[in-house]
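Student: Handing over target15.txt, compact mmCIF, C-alpha atoms and all ligand atoms.
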# COMPACT_ATOMS: atom_id res chain seq x y z
CA MET L 1 96.49 97.73 81.30
CA ARG L 2 98.73 99.12 78.57
CA GLU L 3 97.41 102.61 79.21
CA ASP L 4 98.23 102.50 82.92
CA ASP L 5 101.72 103.99 83.00
CA ASP L 6 102.50 102.76 86.51
CA LEU L 7 101.18 99.19 86.25
CA LYS L 8 101.73 98.29 82.58
CA GLU L 9 105.04 96.64 83.43
CA ALA L 10 102.95 93.67 84.63
CA LEU L 11 102.20 92.87 80.97
CA TYR L 12 105.72 91.47 80.61
CA CYS L 13 104.69 88.61 82.92
CA ILE L 14 104.84 85.13 81.37
CA ARG L 15 103.03 83.52 84.38
CA CYS L 16 105.96 81.26 85.26
CA SER L 17 105.34 81.49 89.06
CA ALA L 18 109.00 82.00 89.96
CA CYS L 19 107.99 85.07 92.00
CA MET L 20 105.57 83.01 94.11
CA ASN L 21 108.17 80.32 94.70
CA SER L 22 110.60 82.94 95.99
CA CYS L 23 108.11 84.94 98.09
CA ALA L 24 108.29 84.12 101.80
CA ASN L 25 104.91 85.79 102.36
CA PHE L 26 103.14 83.79 99.65
CA GLN L 27 104.67 80.59 100.96
CA THR L 28 103.50 81.41 104.49
CA VAL L 29 99.89 82.43 103.82
CA GLY L 30 99.24 80.37 100.64
CA GLY L 31 96.98 81.16 97.70
CA HIS L 32 93.70 81.15 99.68
CA ALA L 33 94.70 84.33 101.54
CA PHE L 34 94.43 86.14 98.20
CA GLY L 35 90.68 85.67 98.21
CA GLY L 36 89.55 83.36 95.41
CA GLU L 37 89.04 84.42 91.81
CA CYS L 38 92.15 86.43 91.19
CA TYR L 39 95.73 86.20 90.02
CA THR L 40 97.68 85.26 93.10
CA GLY L 41 101.22 86.05 94.28
CA GLY L 42 103.21 89.24 94.19
CA ILE L 43 102.41 89.97 90.54
CA GLY L 44 98.73 89.11 91.07
CA GLY L 45 97.62 92.55 92.33
CA ALA L 46 98.52 94.40 89.14
CA TRP L 47 97.01 91.62 87.00
CA THR L 48 93.79 91.37 88.98
CA ILE L 49 93.28 95.15 88.90
CA GLY L 50 94.19 95.29 85.20
CA THR L 51 91.81 92.53 84.14
CA SER L 52 88.90 93.29 86.49
CA GLY L 53 89.14 97.08 86.42
CA SER L 54 88.61 97.06 90.20
CA LEU L 55 91.24 98.50 92.53
CA GLY L 56 89.58 96.86 95.55
CA LYS L 57 90.04 93.35 94.10
CA GLY L 58 93.79 93.87 94.19
CA ARG L 59 93.86 94.83 97.89
CA PHE L 60 95.81 91.69 98.63
CA ALA L 61 98.83 93.53 97.18
CA GLU L 62 99.14 94.76 100.78
CA LEU L 63 100.46 91.30 101.66
CA CYS L 64 103.66 92.32 99.87
CA THR L 65 106.29 93.74 102.22
CA GLY L 66 108.40 95.03 99.34
CA CYS L 67 111.36 92.84 100.24
CA SER L 68 112.44 92.57 96.53
CA ARG L 69 113.33 88.90 96.83
CA CYS L 70 111.18 88.04 93.81
CA VAL L 71 112.79 90.57 91.46
CA PRO L 72 116.06 88.73 90.64
CA ASN L 73 114.07 85.48 90.33
CA CYS L 74 111.70 86.89 87.71
CA PRO L 75 112.98 85.94 84.23
CA VAL L 76 111.81 89.29 82.86
CA ARG L 77 112.89 91.26 85.97
CA ILE L 78 109.53 92.88 86.68
CA ASP L 79 109.78 95.29 89.60
CA ILE L 80 106.96 93.58 91.52
CA PRO L 81 107.42 95.48 94.80
CA ARG L 82 107.15 98.78 92.94
CA LEU L 83 103.86 97.68 91.35
CA ASN L 84 102.54 96.73 94.78
CA THR L 85 103.68 100.00 96.36
CA THR L 86 101.75 101.82 93.62
CA ILE L 87 98.63 99.77 94.41
CA LYS L 88 98.96 100.46 98.16
CA SER L 89 99.33 104.15 97.44
CA ARG L 90 96.25 104.16 95.19
CA LEU L 91 94.24 102.41 97.91
CA ILE L 92 95.19 105.16 100.39
CA GLU L 93 94.21 107.79 97.83
CA ALA L 94 90.87 106.08 97.16
CA GLU L 95 90.11 105.93 100.89
CA GLY L 96 91.06 109.56 101.44
CA LYS L 97 93.61 108.94 104.19
CA PRO L 98 95.97 106.23 105.43
CA SER L 99 94.65 103.77 108.02
CA LEU L 100 95.96 103.76 111.60
CA GLN L 101 97.83 100.57 110.76
CA LYS L 102 99.66 102.25 107.89
CA LEU L 103 100.52 105.30 109.97
CA PHE L 104 101.74 103.12 112.84
CA PHE L 105 104.09 101.07 110.68
CA GLY L 106 104.92 103.82 108.20
CA ARG L 107 106.12 106.09 111.01
CA PHE L 108 107.85 103.35 112.95
CA SER L 109 110.95 105.53 113.35
CA LYS L 110 109.13 107.93 115.70
CA LEU L 111 107.72 105.07 117.75
CA ALA L 112 111.16 103.42 117.96
CA GLN L 113 112.72 106.69 119.06
CA TYR L 114 110.32 107.07 122.00
CA ALA L 115 110.25 103.36 122.88
CA SER L 116 114.04 103.33 123.09
CA PHE L 117 114.13 105.86 125.93
CA MET L 118 113.12 102.95 128.19
CA PRO L 119 113.51 99.82 126.07
CA ALA L 120 112.94 97.28 128.87
CA LEU L 121 109.65 98.94 129.81
CA SER L 122 108.60 99.22 126.15
CA ASN L 123 109.33 95.54 125.52
CA TRP L 124 107.38 94.55 128.62
CA LEU L 125 104.40 96.73 127.66
CA ASN L 126 104.44 95.40 124.09
CA ASN L 127 103.89 91.88 125.33
CA LEU L 128 101.18 92.45 127.94
CA PRO L 129 98.12 90.38 126.87
CA PHE L 130 95.83 93.45 127.15
CA ASN L 131 98.13 95.50 124.91
CA ARG L 132 98.43 92.66 122.41
CA THR L 133 94.62 92.52 122.17
CA ILE L 134 94.47 96.28 121.54
CA MET L 135 97.24 96.03 118.94
CA GLU L 136 95.43 93.21 117.19
CA LYS L 137 92.14 95.10 117.09
CA ILE L 138 93.49 98.53 116.14
CA ILE L 139 96.56 97.91 114.02
CA GLY L 140 96.04 94.30 113.00
CA VAL L 141 99.10 92.69 114.58
CA ASP L 142 98.23 89.05 115.27
CA LYS L 143 98.55 88.29 119.00
CA ARG L 144 100.66 85.22 118.27
CA ARG L 145 103.27 87.12 116.33
CA PRO L 146 106.52 87.79 118.23
CA ILE L 147 107.31 91.50 118.26
CA PRO L 148 110.93 92.48 117.60
CA GLU L 149 112.45 93.84 120.79
CA PHE L 150 114.03 97.26 121.28
CA ALA L 151 117.71 96.86 122.13
CA PRO L 152 118.94 97.94 125.59
CA LYS L 153 121.35 100.36 123.87
CA THR L 154 121.03 101.77 120.36
CA LEU L 155 123.76 101.34 117.75
CA VAL L 156 124.78 105.00 118.03
CA LYS L 157 125.20 104.72 121.83
CA GLN L 158 127.02 101.39 121.62
CA PHE L 159 129.35 102.82 119.00
CA GLU L 160 130.17 105.90 121.13
CA ARG L 161 130.99 103.71 124.10
CA TYR L 162 133.02 101.28 121.95
CA ARG L 163 135.09 104.10 120.40
CA LYS L 164 136.03 105.40 123.85
CA LYS L 165 137.79 102.09 124.47
CA ASN L 166 138.79 101.18 120.89
CA GLU L 167 140.06 104.05 118.80
CA GLY L 168 139.94 102.09 115.56
CA VAL L 169 141.90 103.08 112.50
CA THR L 170 142.47 106.80 111.89
CA GLU L 171 141.50 108.27 108.53
CA LYS L 172 145.16 109.02 107.77
CA GLU L 173 146.13 105.38 108.24
CA SER L 174 143.29 104.05 106.11
CA LYS L 175 142.94 103.72 102.34
CA HIS L 176 139.17 104.09 102.64
CA LYS L 177 136.92 106.24 104.78
CA VAL L 178 133.64 104.53 105.55
CA ILE L 179 130.39 105.59 107.24
CA LEU L 180 127.92 102.94 108.37
CA LEU L 181 124.35 104.17 107.96
CA ALA L 182 122.43 104.01 111.26
CA ASP L 183 119.10 102.98 109.73
CA VAL L 184 116.06 102.71 111.98
CA TYR L 185 115.93 98.93 112.43
CA THR L 186 119.69 98.48 112.91
CA ASN L 187 119.88 101.38 115.35
CA TYR L 188 116.92 100.58 117.58
CA ASN L 189 116.30 96.84 117.18
CA ASN L 190 119.34 95.13 115.75
CA PRO L 191 122.49 97.06 116.83
CA GLN L 192 124.54 93.87 117.23
CA VAL L 193 124.71 93.56 113.43
CA GLY L 194 125.95 97.15 113.17
CA MET L 195 128.55 96.61 115.90
CA ALA L 196 129.75 93.36 114.27
CA THR L 197 130.16 95.27 110.99
CA ILE L 198 132.22 97.97 112.73
CA LYS L 199 134.50 95.38 114.34
CA VAL L 200 135.08 93.65 111.00
CA PHE L 201 136.15 96.96 109.43
CA ASP L 202 138.41 97.71 112.40
CA ARG L 203 140.10 94.33 111.95
CA LEU L 204 140.50 95.00 108.23
CA GLY L 205 142.29 98.27 109.03
CA ILE L 206 139.61 100.46 107.45
CA SER L 207 138.48 103.68 109.11
CA ILE L 208 134.78 103.50 109.96
CA SER L 209 132.27 105.68 111.76
CA VAL L 210 128.48 105.73 112.22
CA SER L 211 126.04 108.23 110.70
CA LYS L 212 123.25 110.07 112.48
CA VAL L 213 120.07 108.02 112.82
CA PHE L 214 117.83 108.51 109.82
CA SER L 215 114.40 107.33 108.89
CA GLU L 216 115.49 106.17 105.48
CA GLY L 217 111.99 105.65 104.02
CA ARG L 218 111.84 101.86 104.08
CA ALA L 219 108.90 101.62 106.49
CA SER L 220 106.82 104.35 104.85
CA GLN L 221 107.45 102.97 101.39
CA SER L 222 106.34 99.47 102.36
CA GLN L 223 103.04 100.96 103.58
CA GLY L 224 102.47 102.77 100.28
CA LEU L 225 103.14 106.21 101.83
CA ILE L 226 105.15 107.24 98.80
CA GLU L 227 105.26 110.99 99.46
CA LEU L 228 106.57 110.49 102.98
CA ALA L 229 109.12 107.94 101.71
CA ALA L 230 110.32 110.42 99.06
CA GLN L 231 110.60 113.17 101.66
CA GLU L 232 112.64 110.88 103.95
CA ALA L 233 114.84 109.82 101.03
CA ASN L 234 115.49 113.47 100.14
CA ASN L 235 116.40 114.33 103.74
CA LEU L 236 118.84 111.46 103.93
CA ALA L 237 120.29 112.26 100.50
CA SER L 238 120.95 115.87 101.59
CA TYR L 239 122.81 114.56 104.64
CA LEU L 240 124.81 111.95 102.69
CA GLU L 241 125.75 114.07 99.66
CA PRO L 242 128.42 116.20 101.38
CA ILE L 243 129.74 113.10 103.15
CA ILE L 244 130.15 111.28 99.84
CA ASP L 245 131.69 114.43 98.28
CA GLY L 246 134.14 114.40 101.20
CA GLY L 247 135.46 111.03 100.00
CA TYR L 248 133.54 108.73 102.32
CA GLU L 249 131.94 105.48 101.25
CA ILE L 250 128.52 104.66 102.70
CA ILE L 251 127.74 101.14 103.80
CA VAL L 252 124.43 99.65 104.91
CA ALA L 253 123.98 96.64 107.19
CA GLU L 254 120.22 96.15 106.84
CA PRO L 255 119.33 94.24 103.60
CA SER L 256 115.96 95.92 103.06
CA VAL L 257 117.59 99.36 103.29
CA LEU L 258 120.33 98.29 100.88
CA SER L 259 117.61 97.21 98.46
CA LEU L 260 115.92 100.60 98.95
CA PHE L 261 119.19 102.38 98.13
CA ARG L 262 119.92 100.26 95.06
CA TYR L 263 116.51 99.99 93.45
CA ASP L 264 114.13 102.56 94.87
CA TYR L 265 116.08 105.77 95.49
S1 LIG Z 1 108.63 91.97 97.11
FE1 LIG Z 1 106.58 91.33 97.72
S2 LIG Z 1 105.96 89.82 96.20
FE2 LIG Z 1 108.18 90.04 96.04
S3 LIG Z 1 109.02 88.42 97.35
FE3 LIG Z 1 108.86 90.29 98.60
S4 LIG Z 1 106.88 90.16 99.61
FE4 LIG Z 1 106.86 88.69 97.91
S1 LIG Z 2 108.39 85.60 88.06
FE1 LIG Z 2 107.97 87.32 86.68
S2 LIG Z 2 107.25 86.37 84.80
FE2 LIG Z 2 107.15 84.80 86.40
S3 LIG Z 2 105.04 84.92 87.20
FE3 LIG Z 2 106.29 86.22 88.47
S4 LIG Z 2 106.16 88.27 87.55
FE4 LIG Z 2 105.44 86.79 86.04
Please rewrite the model in this file as structure tokens.
Ligand code: SF4
Ligand code: SF4
Tutor:
Amino acid sequence: MREDDDLKEALYCIRCSACMNSCANFQTVGGHAFGGECYTGGIGGAWTIGTSGSLGKGRFAELCTGCSRCVPNCPVRIDIPRLNTTIKSRLIEAEGKPSLQKLFFGRFSKLAQYASFMPALSNWLNNLPFNRTIMEKIIGVDKRRPIPEFAPKTLVKQFERYRKKNEGVTEKESKHKVILLADVYTNYNNPQVGMATIKVFDRLGISISVSKVFSEGRASQSQGLIELAAQEANNLASYLEPIIDGGYEIIVAEPSVLSLFRYDY
């Protein structure tokens, strides 16, 4: 394990279980979902692979969504989601190509873009029993799981319409200039959070605008598609750099994207 540069961080683990007690996924599926003789929980993948020498035995690392909730709870601050992303990426490499499931979720931004042309139709189609059966068989989405809906209007469209009626604070009047990042989930699925954020800044007298929509790399990273995630991060960084140099502050409304910015970029 010590010789594995990417996974050796797991050796700091003192087996205290704080990561399992803070992992929503572990608490939902329980230890049995990890498949028997193995180290369970978020840290278990790296340990099982390290001690058994078998990458396949650590496949359950795919249960990790990379939410980072365990990291501040770990007394030795092991970057557990990073270890699991590495394992997911190695599994893809070992299999030669990513599965349909990984491509579907890893490229969610494209799907969301098309689905949002006609969100009501997309939401209806997503919930047809026949389509749910196909989704379960091909991409492994349990039929009972509610699917997040596409919003009737994206954040970018709602913001444009809102600014026509509410001018907000001009940059000259404001001490700060702020850009809200239109990340994929906030833009297509959860624009009400973005709009609430904009209204708070308006009330505080701070000039705020919305960025272009960007696939920030969160979805691809959580599927272990590291190269795609890095490419998306670089594209977004190239867009944000001149904005930041122009004196703007960037804010993020989606917690998983904030975590991506702080820890992964
Ligand atoms: S990053 Fe993974 S292991 Fe950690 S709390 Fe989130 S899902 Fe669980
Ligand atoms: S919280 Fe940290 S030290 Fe404790 S079991 Fe998890 S990874 Fe190991």
Student: Write out as a list in words the residues lying within 10 Å of Leu155 in chain L, counting all atoms listed in the file and excluding same-chain residues fewer than 6 positions away.
Tutor: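 Final neighbour list, sorted by chain and number: Arg161, Ala182, Asp183, Val184, Tyr185, Thr186, Asn187, Tyr188, Asn189, Asn190, Pro191, Gln192, Val193, Gly194, Met195, Val210 and Val213 of chain L.
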Student: I'd like to know which of L:Arg59, L:Arg15, L:Arg77, L:Lys102 is closest to Ile226 in chain L, using only C-alpha atoms.
Tutor: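 Using only C-alpha atoms, Ile226 in chain L sits closest to L:Lys102.
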Student: Find the residues near Ser22 in chain L: any atom within 12 Å, counting only C-alpha atoms, skip ones fewer than 6 places away on the same chain, and give them as a ChimeraX atom specification.
Tutor: /L:16,28,41-42,67-74
Student: To one decimal place, how far is CA of Ile243 in chain L from CA of Glu160 in chain L in Å?
Tutor: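 Distance between the two atoms: 19.4 Å.
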Student: Could you list, as a CSV table (one decimal) with C-alpha atoms, in the frame of the given file, all protein and nucleic acid residues with an atom at most 6 Å from ligand LIG 2 (chain Z), counting all atoms listed in the file?
Tutor:
chain,number,residue,atom,x,y,z
L,13,CYS,CA,104.7,88.6,82.9
L,14,ILE,CA,104.8,85.1,81.4
L,15,ARG,CA,103.0,83.5,84.4
L,16,CYS,CA,106.0,81.3,85.3
L,17,SER,CA,105.3,81.5,89.1
L,18,ALA,CA,109.0,82.0,90.0
L,19,CYS,CA,108.0,85.1,92.0
L,43,ILE,CA,102.4,90.0,90.5
L,74,CYS,CA,111.7,86.9,87.7
L,75,PRO,CA,113.0,85.9,84.2
L,76,VAL,CA,111.8,89.3,82.9
L,78,ILE,CA,109.5,92.9,86.7
Student: Which residues of range 62-108 of chain L come within 8 Å of range 131-152 of chain L, and for each one, what is the closest pair of atoms and their distance in Å to one decimal, counting all atoms listed in the file, sorted by chain and residue number, as JSON lines?
Tutor:
{"residue": "L:Leu100", "atom": "CA", "partner": "L:Ile139", "partner_atom": "CA", "distance": 6.4}
{"residue": "L:Gln101", "atom": "CA", "partner": "L:Ile139", "partner_atom": "CA", "distance": 4.4}
{"residue": "L:Phe104", "atom": "CA", "partner": "L:Ile139", "partner_atom": "CA", "distance": 7.4}
Student: Taking C-alpha atoms for each residue, export the selection above as a short mmCIF file (atom, residue, chain, number, x, y, z; two decimals), in the coordinates of the input.
Tutor:
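Written file, result-v2.cif:
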data_model
loop_
_atom_site.label_atom_id
_atom_site.label_comp_id
_atom_site.auth_asym_id
_atom_site.auth_seq_id
_atom_site.Cartn_x
_atom_site.Cartn_y
_atom_site.Cartn_z
CA LEU L 100 95.96 103.76 111.60
CA GLN L 101 97.83 100.57 110.76
CA PHE L 104 101.74 103.12 112.84
#
Student: Counting only C-alpha atoms, which residues of range 41-121 of chain L sit at most 12 Å from some atom of range 1-4 of chain L, and what is each one's closest atom pair with its distance in Å to one decimal, listed by chain and rising residue number, as CSV?
Tutor:
residue,atom,partner,partner_atom,distance
L:Ala46,CA,L:Met1,CA,8.8
L:Trp47,CA,L:Met1,CA,8.4
L:Thr48,CA,L:Met1,CA,10.3
L:Ile49,CA,L:Met1,CA,8.6
L:Gly50,CA,L:Met1,CA,5.1
L:Thr51,CA,L:Met1,CA,7.6
L:Ser52,CA,L:Met1,CA,10.2
L:Gly53,CA,L:Met1,CA,9.0
L:Ser54,CA,L:Met1,CA,11.9
L:Leu83,CA,L:Asp4,CA,11.2
L:Thr86,CA,L:Asp4,CA,11.3
L:Ile87,CA,L:Asp4,CA,11.8
Student: Could you tell me how far CA of Glu171 in chain L lies from CA of Phe214 in chain L, in Å and to one decimal?
Tutor: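 It comes out at 23.7 Å.
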Student: What separation in Å, quoted to one decimal, exists between CA of Glu173 in chain L and CA of Ile208 in chain L?
Tutor: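 Taking CA of Glu173 in chain L and CA of Ile208 in chain L, their separation equals 11.6 Å.
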Student: Out of L:Glu37, L:Asp6, L:Glu227, L:Glu62, which residue has the shortest atom-to-atom distance to ligand LIG 1 (chain Z) when counting all atoms listed in the file?
Tutor: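 Residue with the minimum atom-to-atom distance to ligand LIG 1 (chain Z): L:Glu62.
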Student: Considering only C-alpha atoms, return as a PyMOL selection string whatever protein or nucleic-acid residues lie within 12 Å of Pro98 in chain L, sequence-local ones (same chain, fewer than 3 positions apart) excluded.
Tutor: chain L and resi 88-95+101-107+139+220+223-226+228
Student: Could you tell me which of L:Arg82, L:Lys199, L:Lys8, L:Lys110 comes closest to Gln221 in chain L if we count all atoms listed in the file?
Tutor: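 So, comparing all the options, the nearest one is L:Arg82.
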Student: For Asn234 in chain L, please output as an MDAnalysis selection string all residues within 10 Å (counting all atoms listed in the file; exclusion window: fewer than 4 positions along the same chain).
Tutor: chainID L and resid 216:217 228:230 238:240 265
Student: Between L:Tyr248, L:Phe108, L:Trp124, L:Phe34, which is the closest to Ser174 in chain L once you count all atoms listed in the file?
Tutor: L:Tyr248
Student: So which one's closest to Ser207 in chain L, L:Ser122, L:Thr170, L:Ser109, L:Gln27? Using only C-alpha atoms, please.
Tutor: L:Thr170
Student: Which is closer to ligand LIG 1 (chain Z) than all the others in L:Lys57, L:Gly44, L:Asp245, L:Gly31, using all atoms listed in the file?
Tutor: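 The answer is L:Gly44, which sits nearest to ligand LIG 1 (chain Z).
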